[in-house]
Number of protein chains: 2
Amino acid sequence: MLNQKSTETSAQDFYAWAASKQTRIEQVLEKVLPCANLAPEKLHSAMRYSALGGGKRVRALLCYAAAELCKTDFLIADAAASAVELIHAYSLVHDDMPCMDDDDLRRGKPSCHKQYDDATALLVGDALQSLAFEVLSQPNLTTIFVQQVGMLHLLAQASGSAGMAGGQAIDLAAVGKPLTQAELETMHQLKTGALIQASVLLGAISGTEAQITAVRTYAAKVGLAFQVIDDILDVEADTSTLGKTAGKDADSNKPTYVTLLGLAQAKLLAQQLYNDAIAALIPFGASAERLRELAGFITQRSF
Amino acid sequence: MLNQKSTETSAQDFYAWAASKQTRIEQVLEKVLPCANLAPEKLHSAMRYSALGGGKRVRALLCYAAAELCKTDFLIADAAASAVELIHAYSLVHDDMPCMDDDDLRRGKPSCHKQYDDATALLVGDALQSLAFEVLSQPNLTTIFVQQVGMLHLLAQASGSAGMAGGQAIDLAAVGKPLTQAELETMHQLKTGALIQASVLLGAISGTEAQITAVRTYAAKVGLAFQVIDDILDVEADTSTLGKTAGKDADSNKPTYVTLLGLAQAKLLAQQLYNDAIAALIPFGASAERLRELAGFITQRSF
């Protein structure tokens with residue numbers, strides 16, 4: 001009874017913490033995104049439409065949680081969290097375009113190219129990517145400039161052809177092809193894993209070597225778990241819960257963890273990855289509580 | 001007679017210098033672009049197709065010339081020159097896409113989306129942009145990290161919605177609309193001017209305050225002259241000389257300096273901008289010779 005109460009309190013604490021960080025990242029993004037009444041108005045309005053007011057902000061939460069463990073300055077954490085969310089937002093805008101996934105719906109709203117037009121969506125993605133690097137390279141963010149250069153390098157690598165964009169290219173090439181589990185894992189490690197790992201590592205920038213090594217393992221496991229859950233939800237959830245078109249991957253004959261392993265095995269894999277992520281945090285006890293809860297949040301989500 | 005000979009010698013020197021820098025930037029880009037046999041192969045091959053083996057490399061030349069004036073370390077100049085060329089290459093790939101300018105031809109070859117496909121072209125542009133920031137944030141480039149952060153910030157601002165991407169958005173919105181000369185100038189200042197200015201300023205990163213102030217003016221004038229000449233060439237040159245579709249802007253009812261001012265006045269404006277660019281360099285005498293010659297090269301080009 002006592003234990004259950006304590007778990008409930010902890011869960012309430014976590015949701016309050018997550019809500020406060022979601023509010024915070026929204027405010028930070030509000031500030032770094034150009035005003036909609038500033039020329040070019042349509043582009044700026046479409047950038048705000050695409051980057052504000054939606055999403056679970058998992059990457060920002062991971063960044064903030066890692067920053068709390070590693071006592072990273074909160075202004076640096078803000079910059080890092082907004083940079084990864086901007087990269088993520090740009091990737092969604094481009095992924096939804098007709099020449100890519102051709103998806104009309106994103107977070108329950110018309111996707112950027114439906115709300116505006118294809119050319120604007122193209123520029124929105126391009127400008128959001130630039131903005132991510134602008135935010136992270138802002139002057140007076142830190143006096144440890146070597147660290148700031150390192151953060152920029154990390155974000156650039158995670159976004160490019162050895163990271164997110166590369167994963168997207170492998171995904172495109174994989175449609176209709178049988179993949180082994182190892183190949184599927186490589187694809188996801190690049191497509192979503194690289195940016196999730198960057199989110200954690202950027203937040204952990206002021207950590208000790210032991211902390212950084214541990215959160216790197218944690219991030220790799222959580223990143224993969226995130227994708228396995230995504231594949232499960234694509235099958236189990238409906239479009240209104242998901243806020244994007246459900247069953248899309250199965251319909252388009254994309255290899256997923258569910259098509260490869262079956263639903264039950266995919267769920268077991270997600271559980272195993274969760275366990276591994278938690279195990280990596282053991283040395284840090286209570287100070288890693290937020291990261292631990294986040295791993296639970298990510299592997300138990302139903303949206 | 002003597003004077004003419006000396007001018008000829010100087011022109012030969014300049015062309016030899018430009019050719020050596022064009023070779024150099026090609027080698028630097030060869031090295032920083034991922035190998036085509038590295039997965040994802042198609043993306044990497046398309047990135048190399050789009051960024052290598054073509055173009056006048058005006059931005060790299062401006063960067064190297066400014067670096068020579070300001071005695072900027074040659075490794076920093078290499079990184080800066082390749083970063084601006086990568087941003088430029090990405091912008092061409094995205095601009096050529098069907099949802100944008102829909103151009104099948106670039107530098108006399110099929111444009112990226114024609115040679116590959118639209119989805120690949122989208123990812124090529126995205127990954128080339130990331131690569132630009134990766135190159136400029138590389139470790140061990142310099143020990144003056146504050147300077148490196150400043151360079152990254154400058155490039156990000158020049159690329160985003162207050163720079164190149166913003167100019168492209170204004171350009172899109174302007175099709176078929178009458179613009180004043182001031183509005184046209186703002187559009188071009190963002191669309192091409194911002195990256196040209198960044199090229200010069202990145203090369204000038206080690207300069208004195210007086211040098212930086214002077215090259216900023218120089219870059220603004222040269223950037224605008226570049227665009228005026230582009231508009232003149234769009235009318236006067238043919239497709240085979242241009243390596244891209246000629247008469248495209250006039251056909252698509254885009255406002256240009258020629259439609260606004262007429263051909264003769266547009267040529268006069270280019271001359272005036274050239275004169276202003278040269279005037280800004282007067283205090284630096286012979287040490288600014290390459291920048292001076294480049295201004296001539298840009299305003300007298302016929303391609």
# chains A, B, ... in the order shown; residues from 1 in each chain; ligands from 1
>>> closest_atom_pairs(of="chain A", to="chain B", cutoff="7 Å", atoms="only C-alpha atoms", output="Markdown table")
| residue | atom | partner | partner_atom | distance |
| --- | --- | --- | --- | --- |
| A:Pro40 | CA | B:Ile170 | CA | 6.0 |
| A:Leu43 | CA | B:Ala169 | CA | 6.5 |
| A:Cys99 | CA | B:Ala119 | CA | 5.2 |
| A:Met100 | CA | B:Ala119 | CA | 5.4 |
| A:Asp118 | CA | B:Cys99 | CA | 5.8 |
| A:Ala119 | CA | B:Cys99 | CA | 5.2 |
| A:Leu123 | CA | B:Ala165 | CA | 6.1 |
| A:Asp126 | CA | B:Asp126 | CA | 7.0 |
| A:Ala127 | CA | B:Gly160 | CA | 4.6 |
| A:Ser130 | CA | B:Gly160 | CA | 5.1 |
| A:Leu131 | CA | B:Gly160 | CA | 6.3 |
| A:Phe133 | CA | B:Ala156 | CA | 6.0 |
| A:Glu134 | CA | B:Ala156 | CA | 5.0 |
| A:Ser137 | CA | B:His153 | CA | 5.1 |
| A:Gln138 | CA | B:His153 | CA | 6.3 |
| A:Phe145 | CA | B:Phe145 | CA | 5.3 |
| A:Val146 | CA | B:Phe145 | CA | 5.4 |
| A:Val149 | CA | B:Ser137 | CA | 5.7 |
| A:Leu152 | CA | B:Ser137 | CA | 6.2 |
| A:His153 | CA | B:Ser137 | CA | 5.1 |
| A:Ala156 | CA | B:Glu134 | CA | 5.0 |
| A:Gln157 | CA | B:Glu134 | CA | 6.3 |
| A:Ser159 | CA | B:Ser130 | CA | 6.2 |
| A:Gly160 | CA | B:Ala127 | CA | 4.6 |
| A:Ser161 | CA | B:Ala127 | CA | 5.4 |
| A:Ala165 | CA | B:Ala127 | CA | 6.0 |
| A:Gly166 | CA | B:Pro40 | CA | 6.1 |
| A:Ala169 | CA | B:Leu43 | CA | 6.5 |
| A:Ile170 | CA | B:Pro40 | CA | 6.0 |
>>> write_last_selection(atoms="C-alpha atoms", output="JSON list (two decimals), in the first residue's frame")
[["chain", "number", "residue", "atom", "x", "y", "z"],
["A", 40, "PRO", "CA", 9.04, 36.83, -45.02],
["A", 43, "LEU", "CA", 7.78, 31.39, -44.17],
["A", 99, "CYS", "CA", 7.96, 13.17, -52.62],
["A", 100, "MET", "CA", 8.72, 11.46, -49.30],
["A", 118, "ASP", "CA", 5.16, 22.25, -51.04],
["A", 119, "ALA", "CA", 7.65, 25.03, -51.78],
["A", 123, "LEU", "CA", 11.96, 26.15, -47.18],
["A", 126, "ASP", "CA", 15.67, 24.20, -44.59],
["A", 127, "ALA", "CA", 15.27, 27.27, -42.38],
["A", 130, "SER", "CA", 19.68, 26.56, -40.02],
["A", 131, "LEU", "CA", 17.90, 27.92, -36.96],
["A", 133, "PHE", "CA", 22.59, 25.68, -35.59],
["A", 134, "GLU", "CA", 21.98, 29.39, -35.05],
["A", 137, "SER", "CA", 26.01, 28.85, -31.83],
["A", 138, "GLN", "CA", 24.56, 31.94, -30.15],
["A", 145, "PHE", "CA", 33.67, 27.75, -26.33],
["A", 146, "VAL", "CA", 35.44, 24.46, -27.00],
["A", 149, "VAL", "CA", 31.96, 23.81, -30.79],
["A", 152, "LEU", "CA", 27.59, 21.94, -32.70],
["A", 153, "HIS", "CA", 29.69, 19.16, -34.16],
["A", 156, "ALA", "CA", 25.67, 18.29, -37.21],
["A", 157, "GLN", "CA", 26.82, 14.67, -37.27],
["A", 159, "SER", "CA", 21.56, 15.33, -38.43],
["A", 160, "GLY", "CA", 23.51, 14.53, -41.58],
["A", 161, "SER", "CA", 24.11, 11.57, -43.83],
["A", 165, "ALA", "CA", 19.19, 12.13, -43.12],
["A", 166, "GLY", "CA", 21.17, 8.96, -43.80],
["A", 169, "ALA", "CA", 17.69, 7.47, -47.13],
["A", 170, "ILE", "CA", 18.09, 3.84, -45.97]]
>>> residues_around(residues="B:Ser45", least_positions_apart="6", cutoff="8 Å", atoms="only C-alpha atoms", output="PyMOL selection string")
chain B and resi 35-37
>>> atom_distance(atom1="atom CA of A:Lys254", atom2="atom CA of A:Ala174")
6.9 Å
>>> residues_around(residues="B:Gln227", least_positions_apart="4", cutoff="7 Å", atoms="only C-alpha atoms", output="PyMOL selection string")
chain B and resi 188+223+231
>>> write_last_selection(atoms="N, CA and C atoms", output="CSV table (one decimal), in the first residue's frame")
chain,number,residue,atom,x,y,z
B,188,HIS,N,17.2,40.2,-53.0
B,188,HIS,CA,18.5,39.6,-53.4
B,188,HIS,C,19.5,39.7,-52.3
B,223,GLY,N,27.9,41.3,-53.9
B,223,GLY,CA,26.7,40.4,-53.9
B,223,GLY,C,25.6,40.9,-54.7
B,231,ASP,N,20.8,38.6,-63.7
B,231,ASP,CA,19.5,39.0,-64.4
B,231,ASP,C,19.9,39.4,-65.9
>>> residues_around(residues="A:Thr217", least_positions_apart="4", cutoff="7 Å", atoms="only C-alpha atoms", output="ChimeraX atom specification")
/A:213,221,277,280
>>> atom_distance(atom1="atom CA of A:Glu289", atom2="atom CA of A:Ile205")
18.1 Å
